[in-house]
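S.K.: Encoded as structure tokens, here's the structure I'll be asking about.
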Amino acid sequence: MTGRFLTVEGIDGAGKSSHLAALSEAVRSRGAEVVMTREPGGTPLGEKLRGLVLHDAMDGVTEALLMFAARREHLVQVIEPALARGAWVVCDRFSDATYAYQCGGRGLDRAVFAQLEALVHPERQPDATFLFDLDPGVAAARQRAQRREPDRFEREAEAFFGRVRDAYLERARTHAKRFHVIDASTPLEAVRASLMAAFARACP
Ligand SMILES: Nc1ncnc2c1ncn2[C@@H]1O[C@H](COP(=O)(O)OP(=O)(O)OP(=O)(O)O)[C@@H](O)[C@H]1O
Ligand SMILES: [Mg+2]
């Protein structure tokens with residue numbers, strides 16, 4: 001049995017985390033080992049880098065470099081070994097998030113992104129990416145209901161998340177084969193049904 005690499009993407013508050021358990025369960029029900037992980041993070045060093053990028057002010061290129069540094073560790077220590085032993089990896093954000101947040105949100109040069117991606121994972125891309133698409137105003141309202149301390153990204157204005165959303169949709173168009181765009185504006189159960197339908201199409 002060969003492993004598969006599945007990622008979930010979307011702006012802050014779009015609903016990714018709410019469906020991770022269901023997605024993992026769908027994979028497990030096929031008899032596969034599931035590794036659930038997240039970015040930035042996924043390794044002890046990656047989690048330290050996560051703390052830095054989420055809370056310390058820094059230059060945009062520095063931010064992208066730290067994201068890719070954490071990703072490299074994650075690939076080498078967790079993702080590639082899991083896929084090699086036939087496990088399925090379900091990852092909360094991957095390089096599409098760097099494209100959306102750093103290129104779309106912060107204005108990082110797309111050519112620089114492409115160079116970093118080619119350096120850090122020249123061969124590897126997710127087998128399927130589930131993009132939770134939601135209006136930034138709705139996502140912000142959902143997050144406010146959570147009442148926890150916002151990180152450096154969550155404090156950004158709605159216009160920032162509008163650019164992030166647009167960059168995600170742009171990426172979905174240029175990588176149409178692996179992307180599955182899910183309308184995240186509907187109630188939880190309807191979003192879950194869309195996700196499960198997309199999973200069945202992606203992994204028949
Ligand atoms: N379909 C939905 N309808 C209404 N509320 C929802 C829906 N999906 C998620 N929520 C709520 O919205 C909030 C954000 O959801 P969640 O944490 O899953 O988003 P996320 O994409 O993982 O965000 P982040 O990127 O910040 O981790 C939560 O309080 C969650 O309960
Ligand atoms: Mg989340």
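In the structure tokens, each chain is lettered A, B, ... as it comes, each chain's residues begin at 1, and ligands are numbered from 1 in order of appearance.
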Counting only C-alpha atoms and all ligand atoms, which residues in chain A sit no more than 10 Å from ligand 1? For each one, give the nearest pair of atoms and the distance in Å, sorted by chain then residue number, as CSV.

M.R.:
```
residue,atom,partner,partner_atom_place_in_ligand_line,distance
A:Val8,CA,ligand 1,21 (O),8.7
A:Glu9,CA,ligand 1,21 (O),7.5
A:Gly10,CA,ligand 1,21 (O),6.0
A:Ile11,CA,ligand 1,25 (O),5.8
A:Asp12,CA,ligand 1,25 (O),3.4
A:Gly13,CA,ligand 1,23 (O),3.5
A:Ala14,CA,ligand 1,21 (O),3.9
A:Gly15,CA,ligand 1,18 (O),3.2
A:Lys16,CA,ligand 1,21 (O),3.8
A:Ser17,CA,ligand 1,22 (O),3.7
A:Ser18,CA,ligand 1,18 (O),3.7
A:His19,CA,ligand 1,18 (O),6.7
A:Leu20,CA,ligand 1,18 (O),8.4
A:Arg38,CA,ligand 1,27 (O),9.8
A:Asp92,CA,ligand 1,22 (O),8.0
A:Arg93,CA,ligand 1,25 (O),8.6
A:Leu131,CA,ligand 1,21 (O),9.8
A:Phe132,CA,ligand 1,21 (O),7.5
A:Asp133,CA,ligand 1,21 (O),9.6
A:Leu134,CA,ligand 1,21 (O),9.5
A:Val138,CA,ligand 1,4 (C),8.9
A:Ala139,CA,ligand 1,12 (O),6.9
A:Ala140,CA,ligand 1,14 (C),8.5
A:Ala141,CA,ligand 1,12 (O),8.2
A:Arg142,CA,ligand 1,12 (O),4.4
A:Gln143,CA,ligand 1,13 (C),5.0
A:Arg144,CA,ligand 1,29 (O),8.1
A:Ala145,CA,ligand 1,29 (O),6.3
A:Gln146,CA,ligand 1,29 (O),5.2
A:Arg147,CA,ligand 1,29 (O),9.0
A:Pro150,CA,ligand 1,26 (O),8.8
A:Asp151,CA,ligand 1,26 (O),9.0
A:Phe153,CA,ligand 1,26 (O),9.0
A:Glu154,CA,ligand 1,26 (O),7.2
A:Asp183,CA,ligand 1,1 (N),9.0
A:Ala184,CA,ligand 1,1 (N),5.7
A:Ser185,CA,ligand 1,1 (N),5.9
A:Thr186,CA,ligand 1,1 (N),5.2
A:Pro187,CA,ligand 1,1 (N),4.0
A:Leu188,CA,ligand 1,1 (N),3.5
A:Glu189,CA,ligand 1,1 (N),7.1
A:Ala190,CA,ligand 1,1 (N),7.3
A:Val191,CA,ligand 1,1 (N),5.8
A:Arg192,CA,ligand 1,1 (N),8.2
```

S.K.: Can you pull out every residue from chain A that DSSP, working from the backbone, puts in alpha helix (DSSP H), and format the result as number ranges by chain?

M.R.: A: 20-28, 44-55, 60-74, 80-84, 95-98, 110-120, 136-144, 158-174, 188-202

S.K.: Would you kindly return, as a PDB file with N, CA and C atoms, in the first residue's frame, each protein, DNA or RNA residue with an atom no farther than 10 Å from any atom of Gly104 (chain A), considering only C-alpha atoms and excluding same-chain residues fewer than 5 positions away?

M.R.:
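Dumped to part-v1.pdb:
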```pdb
ATOM      1  N   ALA A  97       0.126  27.422   1.665  1.00  0.00           N
ATOM      2  CA  ALA A  97      -0.118  28.478   2.653  1.00  0.00           C
ATOM      3  C   ALA A  97       0.963  29.555   2.558  1.00  0.00           C
ATOM      4  N   THR A  98       2.208  29.128   2.304  1.00  0.00           N
ATOM      5  CA  THR A  98       3.288  30.115   2.155  1.00  0.00           C
ATOM      6  C   THR A  98       3.031  30.961   0.908  1.00  0.00           C
ATOM      7  N   TYR A  99       2.576  30.314  -0.153  1.00  0.00           N
ATOM      8  CA  TYR A  99       2.231  31.047  -1.375  1.00  0.00           C
ATOM      9  C   TYR A  99       1.126  32.074  -1.075  1.00  0.00           C
ATOM     10  N   ASP A 109       7.871  38.014  -3.686  1.00  0.00           N
ATOM     11  CA  ASP A 109       8.014  37.726  -5.110  1.00  0.00           C
ATOM     12  C   ASP A 109       7.706  36.240  -5.368  1.00  0.00           C
ATOM     13  N   ARG A 110       6.804  35.973  -6.309  1.00  0.00           N
ATOM     14  CA  ARG A 110       6.431  34.581  -6.606  1.00  0.00           C
ATOM     15  C   ARG A 110       7.617  33.778  -7.131  1.00  0.00           C
ATOM     16  N   PHE A 160      -5.901  42.026   4.142  1.00  0.00           N
ATOM     17  CA  PHE A 160      -4.799  41.050   4.065  1.00  0.00           C
ATOM     18  C   PHE A 160      -5.377  39.672   3.734  1.00  0.00           C
ATOM     19  N   PHE A 161      -6.413  39.272   4.451  1.00  0.00           N
ATOM     20  CA  PHE A 161      -6.996  37.950   4.234  1.00  0.00           C
ATOM     21  C   PHE A 161      -7.716  37.855   2.894  1.00  0.00           C
ATOM     22  N   GLY A 162      -8.175  38.994   2.371  1.00  0.00           N
ATOM     23  CA  GLY A 162      -8.743  39.017   1.026  1.00  0.00           C
ATOM     24  C   GLY A 162      -7.670  38.661   0.002  1.00  0.00           C
ATOM     25  N   ARG A 163      -6.466  39.209   0.195  1.00  0.00           N
ATOM     26  CA  ARG A 163      -5.360  38.893  -0.721  1.00  0.00           C
ATOM     27  C   ARG A 163      -4.913  37.443  -0.563  1.00  0.00           C
ATOM     28  N   VAL A 164      -4.905  36.964   0.681  1.00  0.00           N
ATOM     29  CA  VAL A 164      -4.512  35.568   0.934  1.00  0.00           C
ATOM     30  C   VAL A 164      -5.513  34.631   0.246  1.00  0.00           C
ATOM     31  N   ARG A 165      -6.790  34.946   0.413  1.00  0.00           N
ATOM     32  CA  ARG A 165      -7.827  34.114  -0.214  1.00  0.00           C
ATOM     33  C   ARG A 165      -7.663  34.095  -1.737  1.00  0.00           C
ATOM     34  N   ASP A 166      -7.445  35.280  -2.323  1.00  0.00           N
ATOM     35  CA  ASP A 166      -7.290  35.356  -3.784  1.00  0.00           C
ATOM     36  C   ASP A 166      -6.083  34.544  -4.248  1.00  0.00           C
ATOM     37  N   ALA A 167      -4.981  34.604  -3.484  1.00  0.00           N
ATOM     38  CA  ALA A 167      -3.777  33.860  -3.870  1.00  0.00           C
ATOM     39  C   ALA A 167      -4.024  32.345  -3.764  1.00  0.00           C
ATOM     40  N   TYR A 168      -4.776  31.937  -2.748  1.00  0.00           N
ATOM     41  CA  TYR A 168      -5.138  30.516  -2.638  1.00  0.00           C
ATOM     42  C   TYR A 168      -5.931  30.081  -3.884  1.00  0.00           C
ATOM     43  N   GLU A 170      -5.952  31.459  -6.792  1.00  0.00           N
ATOM     44  CA  GLU A 170      -5.054  31.506  -7.953  1.00  0.00           C
ATOM     45  C   GLU A 170      -4.241  30.202  -8.006  1.00  0.00           C
TER      46      GLU A 170
END
```

S.K.: Considering only C-alpha atoms, can you say which of A:Glu33, A:Ala200, A:Lys177, A:Ser95 comes closest to Leu83 (chain A)?

M.R.: A:Glu33

S.K.: Near Ala69 (chain A), within 10 Å and counting only C-alpha atoms, which residues show up once chain neighbours fewer than 6 positions away are dropped, as an NGL selection string?

M.R.: :A and (40 or 45-46 or 49 or 63 or 116 or 120)

S.K.: Rank nothing, just name the residue among A:Gln102, A:Thr174, A:Thr37, A:Ser24 nearest to Met67 (chain A), using only C-alpha atoms.

M.R.: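 When distances to Met67 (chain A) are compared using only C-alpha atoms, the smallest one comes from A:Gln102.
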
S.K.: Closest to Val78 (chain A) among A:Pro204, A:Gly41, A:Pro136, A:Gly107, using only C-alpha atoms?

M.R.: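 With only C-alpha atoms as the atom set, the closest residue is A:Gly41.
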
S.K.: How many Å separate CA of Glu73 (chain A) from CA of Leu119 (chain A)?

M.R.: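 Taking CA of Glu73 (chain A) and CA of Leu119 (chain A), their separation equals 12.9 Å.
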
S.K.: So which bits of chain A end up strand (DSSP E) when you DSSP the backbone, as a ChimeraX atom specification?

M.R.: /A:5-9,34-38,88-92,128-133,179-183

S.K.: Filtering to C-alpha atoms, could you give me those residues as an mmCIF file, in the first residue's frame?

M.R.:
```cif
data_model
loop_
_atom_site.group_PDB
_atom_site.id
_atom_site.type_symbol
_atom_site.label_atom_id
_atom_site.label_comp_id
_atom_site.auth_asym_id
_atom_site.auth_seq_id
_atom_site.Cartn_x
_atom_site.Cartn_y
_atom_site.Cartn_z
ATOM 1 C CA PHE A 5 -0.023 13.185 1.266
ATOM 2 C CA LEU A 6 -3.205 15.191 1.940
ATOM 3 C CA THR A 7 -3.231 18.851 2.953
ATOM 4 C CA VAL A 8 -5.935 21.219 4.177
ATOM 5 C CA GLU A 9 -5.659 24.922 3.426
ATOM 6 C CA VAL A 34 -2.624 8.118 9.449
ATOM 7 C CA VAL A 35 -0.094 10.715 10.545
ATOM 8 C CA MET A 36 -1.781 13.999 11.486
ATOM 9 C CA THR A 37 0.501 16.984 11.535
ATOM 10 C CA ARG A 38 0.621 20.737 10.959
ATOM 11 C CA TRP A 88 -1.054 8.604 4.853
ATOM 12 C CA VAL A 89 -0.131 12.085 6.004
ATOM 13 C CA VAL A 90 -2.857 14.639 6.775
ATOM 14 C CA CYS A 91 -1.225 18.032 7.160
ATOM 15 C CA ASP A 92 -2.872 21.283 8.344
ATOM 16 C CA ALA A 128 -4.622 16.217 -2.817
ATOM 17 C CA THR A 129 -5.265 19.634 -1.258
ATOM 18 C CA PHE A 130 -8.607 20.593 0.275
ATOM 19 C CA LEU A 131 -9.014 24.370 0.218
ATOM 20 C CA PHE A 132 -11.640 25.741 2.607
ATOM 21 C CA ASP A 133 -12.771 28.887 0.845
ATOM 22 C CA PHE A 179 -6.881 21.157 -5.515
ATOM 23 C CA HIS A 180 -10.424 20.637 -4.265
ATOM 24 C CA VAL A 181 -12.089 23.932 -3.365
ATOM 25 C CA ILE A 182 -14.704 23.566 -0.631
ATOM 26 C CA ASP A 183 -17.334 26.217 0.062
#
```

S.K.: Which residue out of A:Val61, A:Ala118, A:Ala172, A:Ala21 has the minimum interatomic distance to ligand 2 when only C-alpha atoms and all ligand atoms are used?

M.R.: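 So, comparing all the options, the nearest one is A:Ala21.
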